[in-house]
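K.L.:
File name query_7.txt; file contents compact mmCIF, C-alpha atoms; full text below.
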# COMPACT_ATOMS: atom_id res chain seq x y z
CA MET H 1 24.10 -3.73 -17.12
CA THR H 2 21.79 -2.23 -14.49
CA LYS H 3 19.07 -0.01 -15.91
CA LYS H 4 17.43 2.95 -14.23
CA ILE H 5 13.77 2.17 -13.57
CA VAL H 6 11.61 5.28 -13.28
CA VAL H 7 8.07 6.17 -12.24
CA THR H 8 6.15 8.01 -14.96
CA GLY H 9 2.57 7.66 -13.72
CA ILE H 10 0.73 7.34 -10.41
CA GLY H 11 -2.87 6.65 -9.49
CA ALA H 12 -4.67 6.04 -6.23
CA THR H 13 -8.04 5.80 -4.59
CA THR H 14 -7.80 5.94 -0.82
CA PRO H 15 -9.62 6.94 2.36
CA LEU H 16 -8.15 10.42 1.81
CA GLY H 17 -9.21 11.00 -1.78
CA GLY H 18 -10.37 9.55 -5.06
CA THR H 19 -7.09 10.30 -6.86
CA ALA H 20 -3.38 10.28 -6.05
CA GLU H 21 -3.23 14.09 -6.03
CA GLU H 22 -6.29 14.44 -3.78
CA SER H 23 -4.86 11.85 -1.39
CA TRP H 24 -1.46 13.57 -1.32
CA GLN H 25 -2.91 17.02 -0.64
CA ALA H 26 -5.16 15.68 2.13
CA LEU H 27 -2.18 13.88 3.63
CA LEU H 28 -0.09 17.07 3.66
CA ALA H 29 -3.00 18.97 5.20
CA GLY H 30 -3.09 16.55 8.13
CA GLU H 31 -6.51 15.14 7.34
CA SER H 32 -7.75 11.73 8.48
CA GLY H 33 -9.54 9.26 6.24
CA VAL H 34 -10.81 7.21 9.17
CA ARG H 35 -14.52 7.51 9.91
CA ALA H 36 -17.47 5.72 11.49
CA LEU H 37 -18.91 2.98 9.28
CA ASP H 38 -21.99 4.15 7.39
CA ASN H 39 -23.91 0.87 7.36
CA ASP H 40 -26.13 -1.25 9.57
CA TRP H 41 -24.02 -4.38 9.91
CA ALA H 42 -21.66 -3.07 12.58
CA GLU H 43 -24.62 -2.83 14.94
CA GLN H 44 -26.27 -5.94 13.52
CA TYR H 45 -23.31 -8.13 14.43
CA GLY H 46 -22.46 -6.29 17.62
CA LEU H 47 -18.97 -5.42 16.41
CA ALA H 48 -16.70 -3.84 19.02
CA VAL H 49 -15.02 -1.77 16.29
CA ASP H 50 -17.40 0.20 14.06
CA PHE H 51 -15.01 2.49 12.19
CA ALA H 52 -12.41 2.19 9.43
CA GLY H 53 -10.60 4.04 6.67
CA THR H 54 -13.31 3.64 4.06
CA ALA H 55 -12.64 4.89 0.54
CA LYS H 56 -13.39 8.57 0.03
CA VAL H 57 -14.89 7.80 -3.39
CA ASP H 58 -16.83 4.64 -4.25
CA PRO H 59 -15.12 3.10 -7.31
CA ALA H 60 -18.53 2.05 -8.62
CA GLU H 61 -19.21 5.76 -9.14
CA VAL H 62 -16.12 6.09 -11.35
CA LEU H 63 -16.47 2.98 -13.51
CA GLU H 64 -19.18 2.33 -16.06
CA ARG H 65 -22.02 0.38 -14.47
CA PRO H 66 -21.67 -2.81 -16.59
CA VAL H 67 -17.95 -2.95 -15.77
CA ALA H 68 -18.42 -2.40 -12.04
CA LYS H 69 -21.11 -5.11 -11.80
CA ARG H 70 -18.67 -7.75 -13.04
CA LEU H 71 -15.93 -6.87 -10.57
CA ASP H 72 -15.41 -7.42 -6.86
CA PRO H 73 -14.74 -4.16 -4.98
CA SER H 74 -11.02 -5.04 -4.82
CA SER H 75 -10.86 -5.20 -8.62
CA ARG H 76 -12.87 -1.98 -8.93
CA PHE H 77 -10.32 -0.19 -6.77
CA ALA H 78 -7.49 -1.68 -8.82
CA LEU H 79 -8.96 -0.61 -12.13
CA VAL H 80 -9.70 2.95 -10.97
CA ALA H 81 -6.12 3.43 -9.69
CA ALA H 82 -4.58 1.83 -12.79
CA MET H 83 -6.66 3.97 -15.16
CA GLU H 84 -5.50 7.13 -13.39
CA ALA H 85 -1.85 6.05 -13.39
CA TRP H 86 -1.98 5.13 -17.07
CA ALA H 87 -3.47 8.50 -18.03
CA ASP H 88 -0.97 10.28 -15.77
CA ALA H 89 1.87 8.52 -17.63
CA GLY H 90 0.53 9.84 -20.92
CA ALA H 91 -0.97 6.49 -21.99
CA PRO H 92 2.34 5.23 -23.39
CA GLU H 93 2.25 3.68 -26.84
CA VAL H 94 3.81 0.28 -26.18
CA PRO H 95 3.22 -3.06 -27.90
CA SER H 96 0.86 -5.22 -25.85
CA GLU H 97 3.47 -7.96 -25.67
CA ARG H 98 5.89 -5.51 -24.03
CA LEU H 99 3.44 -4.24 -21.38
CA GLY H 100 3.24 -6.13 -18.07
CA VAL H 101 1.21 -6.05 -14.89
CA ASP H 102 2.61 -6.80 -11.43
CA TRP H 103 -0.31 -6.54 -9.04
CA ALA H 104 -1.04 -7.51 -5.46
CA THR H 105 -3.76 -8.14 -2.94
CA GLY H 106 -3.64 -9.52 0.56
CA ILE H 107 -7.08 -11.12 0.66
CA GLY H 108 -8.75 -10.70 -2.74
CA GLY H 109 -12.48 -10.91 -3.46
CA LEU H 110 -13.70 -11.29 0.10
CA TRP H 111 -17.04 -9.55 -0.44
CA THR H 112 -17.87 -11.68 -3.48
CA LEU H 113 -16.98 -14.91 -1.68
CA LEU H 114 -18.99 -14.23 1.45
CA ASP H 115 -21.97 -12.73 -0.38
CA ALA H 116 -22.07 -15.87 -2.54
CA TRP H 117 -21.98 -18.05 0.58
CA ASP H 118 -24.93 -16.12 2.01
CA THR H 119 -26.81 -16.55 -1.27
CA LEU H 120 -26.13 -20.29 -1.31
CA ARG H 121 -27.38 -20.79 2.24
CA GLU H 122 -30.43 -18.55 1.92
CA LYS H 123 -31.54 -19.08 -1.70
CA GLY H 124 -29.86 -22.25 -2.93
CA PRO H 125 -27.17 -23.09 -5.50
CA ARG H 126 -29.13 -21.98 -8.56
CA ARG H 127 -28.98 -18.37 -7.35
CA VAL H 128 -25.18 -18.24 -7.03
CA MET H 129 -23.77 -15.98 -9.75
CA PRO H 130 -21.81 -17.71 -12.54
CA LEU H 131 -19.11 -15.04 -12.26
CA THR H 132 -18.51 -15.72 -8.56
CA VAL H 133 -15.17 -17.48 -8.98
CA PRO H 134 -13.74 -15.04 -11.59
CA MET H 135 -14.71 -12.20 -9.26
CA LEU H 136 -13.36 -13.64 -6.01
CA MET H 137 -10.03 -15.08 -7.22
CA PRO H 138 -6.97 -13.18 -5.93
CA ASN H 139 -5.64 -12.63 -9.45
CA ALA H 140 -8.86 -10.89 -10.55
CA PRO H 141 -7.48 -7.36 -9.96
CA ALA H 142 -4.36 -8.13 -12.03
CA ALA H 143 -6.56 -9.64 -14.75
CA ALA H 144 -8.87 -6.62 -14.77
CA VAL H 145 -5.95 -4.22 -15.18
CA SER H 146 -4.31 -6.44 -17.79
CA MET H 147 -7.45 -6.74 -19.90
CA HIS H 148 -8.27 -3.04 -19.68
CA LEU H 149 -4.78 -2.04 -20.86
CA GLU H 150 -4.31 -5.05 -23.17
CA ALA H 151 -1.13 -5.92 -21.29
CA ARG H 152 0.10 -9.26 -22.60
CA ALA H 153 3.72 -9.52 -21.45
CA PHE H 154 2.49 -10.93 -18.12
CA ALA H 155 -0.13 -10.33 -15.43
CA ARG H 156 1.30 -11.56 -12.14
CA THR H 157 -0.22 -11.57 -8.68
CA VAL H 158 1.47 -11.32 -5.30
CA ALA H 159 -0.36 -12.28 -2.11
CA SER H 160 2.03 -11.64 0.79
CA ALA H 161 -0.39 -10.11 3.29
CA CYS H 162 0.54 -6.53 4.16
CA ALA H 163 3.82 -6.73 2.22
CA SER H 164 2.04 -7.63 -1.02
CA SER H 165 2.08 -4.48 -3.12
CA THR H 166 5.56 -3.39 -2.06
CA GLU H 167 6.69 -6.82 -3.24
CA SER H 168 4.81 -6.32 -6.52
CA ILE H 169 6.77 -3.09 -7.12
CA ALA H 170 10.04 -4.85 -6.29
CA ASN H 171 9.05 -7.56 -8.77
CA ALA H 172 8.28 -4.98 -11.44
CA TYR H 173 11.72 -3.48 -10.94
CA GLU H 174 13.31 -6.88 -11.51
CA HIS H 175 11.12 -7.73 -14.50
CA LEU H 176 12.14 -4.49 -16.20
CA GLN H 177 15.78 -5.14 -15.36
CA LEU H 178 15.46 -8.56 -17.00
CA GLY H 179 13.95 -7.02 -20.13
CA LEU H 180 10.68 -8.94 -19.83
CA ALA H 181 8.71 -5.77 -20.64
CA ASP H 182 9.24 -2.15 -21.64
CA VAL H 183 6.53 -0.80 -19.32
CA VAL H 184 5.00 -2.35 -16.20
CA ILE H 185 2.06 -1.13 -14.18
CA ALA H 186 2.51 -2.24 -10.58
CA GLY H 187 0.44 -1.81 -7.46
CA GLY H 188 -2.08 -3.34 -5.14
CA ALA H 189 -5.67 -3.18 -3.97
CA GLU H 190 -7.74 -4.26 -1.00
CA ALA H 191 -11.44 -4.17 -0.16
CA ALA H 192 -11.67 -6.13 3.08
CA ILE H 193 -13.60 -3.87 5.46
CA HIS H 194 -16.11 -6.60 6.31
CA PRO H 195 -17.68 -7.95 9.52
CA ILE H 196 -15.51 -11.08 9.29
CA THR H 197 -12.20 -9.22 9.14
CA LEU H 198 -13.17 -6.65 11.76
CA ALA H 199 -14.32 -9.39 14.13
CA SER H 200 -11.24 -11.52 13.49
CA PHE H 201 -8.68 -8.76 13.87
CA ASN H 202 -10.49 -7.54 16.98
CA SER H 203 -10.41 -11.05 18.47
CA ALA H 204 -6.67 -11.03 17.85
CA GLN H 205 -6.44 -7.77 19.85
CA ALA H 206 -4.95 -6.08 16.77
CA LEU H 207 -7.47 -3.26 16.16
CA SER H 208 -7.76 0.08 17.89
CA LYS H 209 -10.94 0.37 19.93
CA ARG H 210 -11.18 4.17 19.99
CA THR H 211 -14.82 4.19 18.91
CA ASP H 212 -15.30 7.60 20.54
CA SER H 213 -12.73 9.22 18.23
CA PRO H 214 -12.19 7.22 15.01
CA GLU H 215 -10.18 9.96 13.28
CA THR H 216 -7.49 9.80 15.99
CA ALA H 217 -7.52 6.02 16.47
CA SER H 218 -4.55 5.29 14.21
CA ARG H 219 -1.64 6.82 16.12
CA PRO H 220 1.72 5.27 15.25
CA TYR H 221 4.49 5.84 17.82
CA ASN H 222 2.15 7.41 20.37
CA VAL H 223 2.54 6.05 23.90
CA ASP H 224 -1.14 5.06 24.06
CA ARG H 225 -1.45 3.43 20.62
CA ASP H 226 -3.75 0.43 20.91
CA GLY H 227 -3.92 -1.15 17.47
CA PHE H 228 -4.32 -0.52 13.77
CA VAL H 229 -7.31 0.71 11.79
CA MET H 230 -8.60 -1.10 8.71
CA GLY H 231 -8.45 0.75 5.39
CA GLU H 232 -9.33 0.10 1.75
CA GLY H 233 -8.37 1.33 -1.70
CA ALA H 234 -5.63 0.91 -4.28
CA GLY H 235 -2.44 2.43 -5.63
CA ALA H 236 -0.78 2.04 -9.02
CA LEU H 237 2.57 3.10 -10.48
CA VAL H 238 3.65 3.04 -14.11
CA LEU H 239 7.28 1.94 -14.27
CA GLU H 240 9.64 1.85 -17.25
CA THR H 241 13.32 2.10 -18.02
CA GLU H 242 14.69 5.62 -18.05
CA GLU H 243 15.78 5.09 -21.65
CA HIS H 244 12.24 4.20 -22.70
CA ALA H 245 10.72 7.10 -20.75
CA LEU H 246 13.12 9.69 -22.18
CA ALA H 247 12.62 8.39 -25.71
CA ARG H 248 8.90 9.11 -25.51
CA GLY H 249 9.34 12.42 -23.68
CA ALA H 250 7.66 11.26 -20.49
CA ARG H 251 7.60 13.19 -17.23
CA ILE H 252 9.57 11.35 -14.57
CA TYR H 253 8.59 11.54 -10.90
CA ALA H 254 11.38 9.49 -9.35
CA GLU H 255 13.45 6.35 -9.73
CA VAL H 256 12.66 3.00 -8.15
CA ALA H 257 16.27 2.22 -7.35
CA GLY H 258 15.95 -1.23 -5.77
CA GLY H 259 13.94 -3.65 -3.70
CA GLY H 260 14.47 -6.17 -0.95
CA VAL H 261 12.17 -9.12 -0.18
CA THR H 262 12.80 -11.56 2.69
CA ALA H 263 10.98 -13.93 5.04
CA ASP H 264 11.22 -14.15 8.83
CA SER H 265 10.25 -17.82 9.12
CA TYR H 266 9.41 -16.97 12.73
CA HIS H 267 5.66 -16.73 13.44
CA ILE H 268 2.46 -16.54 11.37
CA THR H 269 1.42 -13.15 12.81
CA ALA H 270 4.21 -11.78 15.02
CA ASN H 271 7.30 -9.93 13.82
CA ASP H 272 10.71 -11.36 14.59
CA PRO H 273 11.48 -9.34 17.73
CA GLU H 274 15.13 -9.06 16.65
CA GLY H 275 14.14 -7.65 13.27
CA ARG H 276 16.46 -9.91 11.32
CA GLY H 277 14.29 -10.43 8.25
CA ALA H 278 13.08 -6.84 8.11
CA SER H 279 16.57 -5.37 8.46
CA ARG H 280 17.88 -7.71 5.77
CA ALA H 281 15.14 -6.50 3.41
CA VAL H 282 16.26 -2.89 3.96
CA LYS H 283 19.87 -3.84 3.33
CA LEU H 284 18.96 -5.70 0.14
CA ALA H 285 17.00 -2.71 -1.19
CA LEU H 286 19.91 -0.36 -0.50
CA SER H 287 22.39 -2.79 -2.03
CA GLN H 288 20.33 -3.08 -5.19
CA ALA H 289 20.17 0.72 -5.29
CA GLY H 290 23.93 0.96 -4.94
CA ALA H 291 23.38 3.12 -1.88
CA SER H 292 24.65 3.27 1.69
CA VAL H 293 22.74 3.96 4.87
CA ASP H 294 24.13 7.49 4.82
CA ASP H 295 22.33 8.20 1.53
CA VAL H 296 18.85 7.69 2.98
CA THR H 297 17.03 10.98 3.58
CA HIS H 298 13.49 9.77 4.27
CA ILE H 299 11.64 6.70 5.54
CA ASN H 300 7.99 5.87 4.99
CA ALA H 301 7.59 3.41 7.84
CA HIS H 302 5.23 0.44 8.02
CA ALA H 303 4.14 1.76 11.44
CA THR H 304 0.70 0.24 11.88
CA SER H 305 0.04 1.74 15.34
CA THR H 306 0.24 -1.57 17.20
CA PRO H 307 2.17 -1.55 20.48
CA VAL H 308 4.46 -4.44 19.46
CA GLY H 309 4.74 -3.81 15.71
CA ASP H 310 6.03 -0.25 15.89
CA ILE H 311 8.76 -1.29 18.31
CA ALA H 312 9.74 -4.28 16.15
CA GLU H 313 10.18 -2.09 13.07
CA TYR H 314 12.26 0.40 15.03
CA THR H 315 14.48 -2.45 16.24
CA ALA H 316 14.99 -3.54 12.63
CA LEU H 317 15.82 -0.01 11.48
CA ARG H 318 18.34 0.43 14.30
CA LYS H 319 20.08 -2.73 13.11
CA VAL H 320 20.60 -1.11 9.72
CA PHE H 321 21.13 2.57 10.47
CA GLY H 322 22.36 2.60 14.04
CA GLU H 323 21.75 5.83 15.91
CA ARG H 324 21.50 7.75 12.63
CA VAL H 325 17.95 6.41 12.16
CA ASP H 326 16.77 8.81 14.86
CA ARG H 327 17.79 11.77 12.68
CA ILE H 328 16.15 10.69 9.42
CA PRO H 329 12.73 12.30 8.72
CA VAL H 330 10.12 9.55 9.09
CA SER H 331 6.49 9.50 7.99
CA ALA H 332 3.92 7.03 9.32
CA THR H 333 1.10 7.64 6.85
CA LYS H 334 -1.22 4.90 8.13
CA ALA H 335 -2.16 7.44 10.80
CA ALA H 336 -4.15 9.16 8.05
CA THR H 337 -5.20 6.30 5.78
CA GLY H 338 -5.55 3.37 8.11
CA HIS H 339 -4.01 0.07 7.04
CA LEU H 340 -4.94 -1.05 3.52
CA LEU H 341 -3.41 -4.52 4.02
CA GLY H 342 -2.28 -5.74 0.56
CA GLY H 343 -2.85 -2.31 -0.97
CA THR H 344 -0.95 -0.34 1.63
CA GLY H 345 2.54 -0.69 0.13
CA ALA H 346 1.49 0.79 -3.21
CA ILE H 347 -0.17 3.78 -1.55
CA GLU H 348 2.88 4.39 0.62
CA ALA H 349 5.22 3.94 -2.35
CA ILE H 350 3.30 6.74 -4.07
CA PHE H 351 3.65 8.91 -0.99
CA ALA H 352 7.40 8.19 -0.92
CA VAL H 353 7.71 9.00 -4.63
CA LEU H 354 5.95 12.32 -4.10
CA ALA H 355 8.02 13.01 -0.97
CA VAL H 356 11.33 12.82 -2.85
CA HIS H 357 9.82 14.52 -5.92
CA HIS H 358 8.57 17.51 -3.90
CA ARG H 359 11.29 17.21 -1.22
CA ILE H 360 8.87 17.10 1.67
CA ALA H 361 8.08 14.32 4.16
CA PRO H 362 4.35 14.01 4.93
CA PRO H 363 3.17 14.59 8.50
CA THR H 364 2.27 11.86 10.97
CA ILE H 365 -1.03 12.90 12.51
CA ASN H 366 -2.36 11.96 15.96
CA LEU H 367 1.11 12.04 17.52
CA THR H 368 0.51 13.76 20.85
CA GLU H 369 3.05 11.99 23.06
CA GLN H 370 5.79 10.06 21.30
CA ASP H 371 6.89 6.74 22.75
CA PRO H 372 10.35 7.39 24.27
CA GLU H 373 11.41 3.91 23.15
CA ILE H 374 10.98 5.02 19.51
CA PRO H 375 12.89 8.33 19.30
CA LEU H 376 12.52 8.80 15.54
CA THR H 377 12.29 12.19 13.84
CA VAL H 378 8.52 12.24 13.37
CA SER H 379 6.33 15.34 13.15
CA GLY H 380 2.70 16.30 12.97
CA GLU H 381 3.72 18.85 10.33
CA PRO H 382 5.31 18.26 6.90
CA GLN H 383 9.12 18.04 7.16
CA PRO H 384 11.23 19.68 4.42
CA LEU H 385 13.82 17.29 3.02
CA GLY H 386 16.15 20.00 1.73
CA GLU H 387 18.07 20.32 -1.51
CA GLY H 388 20.24 17.75 -3.19
CA PRO H 389 19.65 14.07 -4.01
CA GLN H 390 16.94 12.31 -2.03
CA LEU H 391 16.69 8.61 -1.27
CA ALA H 392 13.67 7.19 0.52
CA ILE H 393 12.82 3.69 1.63
CA SER H 394 9.26 2.43 2.01
CA ASN H 395 8.71 -0.53 4.33
CA SER H 396 5.98 -3.19 4.37
CA PHE H 397 5.78 -6.22 6.64
CA GLY H 398 3.03 -8.83 6.64
CA PHE H 399 1.54 -11.85 8.37
CA GLY H 400 3.48 -14.95 7.51
CA GLY H 401 6.79 -13.19 8.08
CA HIS H 402 6.81 -11.40 4.71
CA ASN H 403 9.10 -8.37 4.44
CA ALA H 404 9.35 -6.04 1.45
CA VAL H 405 11.23 -2.76 1.10
CA ILE H 406 11.76 -0.52 -1.92
CA ALA H 407 14.27 2.28 -2.35
CA ILE H 408 13.10 5.40 -4.21
CA ARG H 409 15.55 8.01 -5.50
CA SER H 410 14.84 11.53 -6.69
CA HIS H 411 15.28 12.09 -10.42
CA ASP H 412 17.07 15.35 -11.20
Render the structure in this file as structure tokens.
P.N.:
Amino acid sequence: MTKKIVVTGIGATTPLGGTAEESWQALLAGESGVRALDNDWAEQYGLAVDFAGTAKVDPAEVLERPVAKRLDPSSRFALVAAMEAWADAGAPEVPSERLGVDWATGIGGLWTLLDAWDTLREKGPRRVMPLTVPMLMPNAPAAAVSMHLEARAFARTVASACASSTESIANAYEHLQLGLADVVIAGGAEAAIHPITLASFNSAQALSKRTDSPETASRPYNVDRDGFVMGEGAGALVLETEEHALARGARIYAEVAGGGVTADSYHITANDPEGRGASRAVKLALSQAGASVDDVTHINAHATSTPVGDIAEYTALRKVFGERVDRIPVSATKAATGHLLGGTGAIEAIFAVLAVHHRIAPPTINLTEQDPEIPLTVSGEPQPLGEGPQLAISNSFGFGGHNAVIAIRSHD
């Protein structure tokens, strides 16, 4: 028997705000979280791109100092978002063995790894911290969340590049369906705004170079889009069966109605130009939700602001929806947050949850001249979704040909 899986708590720390609510309100207001980097290494290394979607609030300011010192920035973000989501869900009383964690990161403890390498080269092996490996390992964020909440059902990690945290939410849905836990906290985090990643992505011609106007650099669907903008932060969702949520009197935001995860097996960085894997992921999510293409009322698109990527996603959506896709309200929220890599799917899932909950599609900022080859219904202003049942999909696609889509239904 298929169970209804609902969202009872959300938490986020993003370039737009230190909480989910702050991020949502800034998103609706059309604000940008992209800014010039406030450090000396961009100039030191002669980086061509010296801006990014840095976190609005440093997680080290939120956590107790001894806790923060033992965590890589990616784990700090994860813990801050998870703590907020858990409190927002009313800190459910659930046996530790029935509480699970499905978490994600695209890169993991990059800062810890590279700082340790610098220490080794400059000061020798005796100066390398003993906690280096526990801090840099990709499962460290999941472990930090698990230990903080005493979640002992499982603590699983997904690393599927930019599809990671959407896949973690799809996994949580399935784990709850299988009865492996009563409550799961799912999400993702990334802290990879570093000279190495900025230099590498720039060498790959993937980043926007609008150094004269960072806040308008991320511009999905615009005719002159020239690449994505790096972002950082984390998002967390508390998921449980509807039966469990109602029994404890929890507030329900929305239902995670299904997920679809596929692989392109095409190219390590490029999308399949025919959109076969991506379109199949959408179809799988809708099938699991027991929904048709006509039920979808909103799309939170992957839309990274790259010339090729935005077209590829549109091609995939046309395969699924046909011409109807051009009439569905679409939001491309990376215009405001930048691209949080492995954390981006969780942030956008939260935005999709709030969109169907409040019946409003967030604006897509920086859209001054829409690409005629992508005639979607996109707006620089919030778009009302109207009355009646709402069904949104949130898309994430990553290097390696990873595709993940979740379907989110309003809960009335």
K.L.:
Write out as a PDB file with C-alpha atoms, keeping the file's coordinate frame which residues come within 7 Å of Gly398 in chain H when counting all atoms listed in the file, dropping same-chain ones fewer than 4 positions away.
P.N.:
ATOM      1  CA  SER H 160       2.030 -11.640   0.790  1.00  0.00           C
ATOM      2  CA  ALA H 161      -0.390 -10.110   3.290  1.00  0.00           C
ATOM      3  CA  CYS H 162       0.540  -6.530   4.160  1.00  0.00           C
ATOM      4  CA  ALA H 163       3.820  -6.730   2.220  1.00  0.00           C
ATOM      5  CA  HIS H 402       6.810 -11.400   4.710  1.00  0.00           C
ATOM      6  CA  ASN H 403       9.100  -8.370   4.440  1.00  0.00           C
TER       7      ASN H 403
END
K.L.:
Need the shell around range 26-31 of chain H: protein/DNA/RNA residues with any atom at most 8 Å away, counting all atoms listed in the file. Skip same-chain ones fewer than 6 positions apart. Format as a list of chain:residue names?
P.N.:
H:Leu16, H:Gly17, H:Thr333, H:Ala336, H:Pro362, H:Pro363, H:Thr364, H:Ile365, H:Gly380, H:Glu381, H:Pro382
K.L.:
For a test of reading the model, state the distance in Å between CA of Arg318 in chain H and CA of Glu373 in chain H, rounded to one decimal.
P.N.:
11.8 Å
K.L.:
What does the distance between CA of Ala89 in chain H and CA of Gly233 in chain H come to in Å, to one decimal place?
P.N.:
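Computing it gives 20.3 Å between the two atoms.
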K.L.:
For CA of Asp182 in chain H and CA of Val261 in chain H, determine how far apart the two atoms are, in Å to one decimal place.
P.N.:
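Answer for the CA of Asp182 in chain H to CA of Val261 in chain H separation: 22.8 Å.
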K.L.:
Would you tabulate, counting all atoms listed in the file, all residues of range 192-300 of chain H that have an atom at most 10 Å from an atom of range 51-68 of chain H, showing the closest pair of atoms and their distance in Å to one decimal, sorted by chain then ascending number, as a tab-separated table?
P.N.:
residue	atom	partner	partner_atom	distance
H:Ala192	CA	H:Thr54	CA	10.0
H:Ile193	CA	H:Ala52	CA	7.3
H:Leu198	CA	H:Ala52	CA	9.2
H:Leu207	CA	H:Ala52	CA	10.0
H:Ser208	CA	H:Phe51	CA	9.5
H:Lys209	CA	H:Phe51	CA	9.0
H:Arg210	CA	H:Phe51	CA	8.9
H:Thr211	CA	H:Phe51	CA	6.9
H:Asp212	CA	H:Phe51	CA	9.8
H:Ser213	CA	H:Phe51	CA	9.3
H:Pro214	CA	H:Phe51	CA	6.2
H:Glu215	CA	H:Gly53	CA	8.9
H:Ala217	CA	H:Phe51	CA	9.3
H:Ser218	CA	H:Ala52	CA	9.7
H:Phe228	CA	H:Ala52	CA	9.6
H:Val229	CA	H:Ala52	CA	5.8
H:Met230	CA	H:Ala52	CA	5.1
H:Gly231	CA	H:Gly53	CA	4.1
H:Glu232	CA	H:Thr54	CA	5.8
H:Gly233	CA	H:Ala55	CA	6.0
H:Ala234	CA	H:Ala55	CA	9.4
K.L.:
Excluding Arg127 in chain H and its own-chain neighbours fewer than 6 positions away, which residues fall within 9 Å of it when counting only C-alpha atoms? Please give them as a PyMOL selection string.
P.N.:
chain H and resi 116+119-120
K.L.:
List every protein, DNA or RNA residue that has at least one atom no more than 12 Å from (27.2, 6.8, 5.1) in the file's coordinates, counting only C-alpha atoms, and write the result as a ChimeraX atom specification.
P.N.:
/H:286,291-297,320-322,324-325
K.L.:
Do you know which residues are at most 10 Å from Arg327 in chain H counting only C-alpha atoms, after dropping those on the same chain fewer than 2 positions away, and could you put them as a list in words?
P.N.:
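The neighbour list is Thr297, His298, Glu323, Arg324, Val325, Pro329, Val330, Pro375, Leu376, Thr377 and Val378 of chain H.
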K.L.:
Nearest to Ala82 in chain H among H:Thr216, H:Thr19, H:Ser265, H:Ser331, with distances taken over only C-alpha atoms: which residue is it?
P.N.:
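The shortest atom-to-atom distance to Ala82 in chain H comes from H:Thr19.
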K.L.:
For each of H:Ser410, H:Thr368, H:Thr13, H:Ser168, take the minimum atom-to-atom distance to Ser74 in chain H, counting all atoms listed in the file, then give the residue where this is smallest.
P.N.:
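Using all atoms listed in the file, Ser74 in chain H sits closest to H:Thr13.
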K.L.:
Tell me which of H:Gly400, H:Ala159, H:Gln177, H:Ile252 sits closest to Thr269 in chain H, counting only C-alpha atoms.
P.N.:
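Checking each candidate against Thr269 in chain H, we get H:Gly400 as the closest.
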K.L.:
Can you tell me which residues surround Asp50 in chain H at a distance of at most 7 Å, considering only C-alpha atoms, apart from same-chain residues fewer than 2 positions away, and format the answer as a list in words?
P.N.:
Ala36, Leu37, Ala42, Leu47, Ala48 and Thr211 of chain H
K.L.:
Using all atoms listed in the file, which of the listed residues (H:Ile360, H:Ser203, H:Ala281, H:Pro95) sits closest to Gln383 in chain H?
P.N.:
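Nearest candidate to Gln383 in chain H out of H:Ile360, H:Ser203, H:Ala281, H:Pro95: H:Ile360.
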K.L.:
Because some atoms of range 144-151 of chain H are absent here, can you restore N, CA, C and O atoms and send them as a short mmCIF file (atom, residue, chain, number, x, y, z; two decimals), keeping the file's coordinate frame?
P.N.:
data_model
loop_
_atom_site.label_atom_id
_atom_site.label_comp_id
_atom_site.auth_asym_id
_atom_site.auth_seq_id
_atom_site.Cartn_x
_atom_site.Cartn_y
_atom_site.Cartn_z
N ALA H 144 -8.07 -7.77 -14.36
CA ALA H 144 -8.87 -6.62 -14.77
C ALA H 144 -7.99 -5.52 -15.35
O ALA H 144 -8.31 -4.91 -16.39
N VAL H 145 -6.88 -5.25 -14.70
CA VAL H 145 -5.95 -4.22 -15.18
C VAL H 145 -5.34 -4.66 -16.51
O VAL H 145 -5.25 -3.88 -17.47
N SER H 146 -4.93 -5.91 -16.59
CA SER H 146 -4.31 -6.44 -17.79
C SER H 146 -5.25 -6.35 -18.99
O SER H 146 -4.86 -5.91 -20.08
N MET H 147 -6.49 -6.76 -18.80
CA MET H 147 -7.45 -6.74 -19.90
C MET H 147 -7.82 -5.32 -20.32
O MET H 147 -7.98 -5.03 -21.50
N HIS H 148 -7.93 -4.43 -19.34
CA HIS H 148 -8.27 -3.04 -19.68
C HIS H 148 -7.17 -2.38 -20.51
O HIS H 148 -7.45 -1.63 -21.46
N LEU H 149 -5.90 -2.67 -20.17
CA LEU H 149 -4.78 -2.04 -20.86
C LEU H 149 -4.23 -2.90 -22.00
O LEU H 149 -3.30 -2.48 -22.69
N GLU H 150 -4.80 -4.08 -22.18
CA GLU H 150 -4.31 -5.05 -23.17
C GLU H 150 -2.83 -5.34 -22.94
O GLU H 150 -2.02 -5.37 -23.87
N ALA H 151 -2.50 -5.58 -21.67
CA ALA H 151 -1.13 -5.92 -21.29
C ALA H 151 -0.94 -7.42 -21.42
O ALA H 151 -1.59 -8.20 -20.72
#
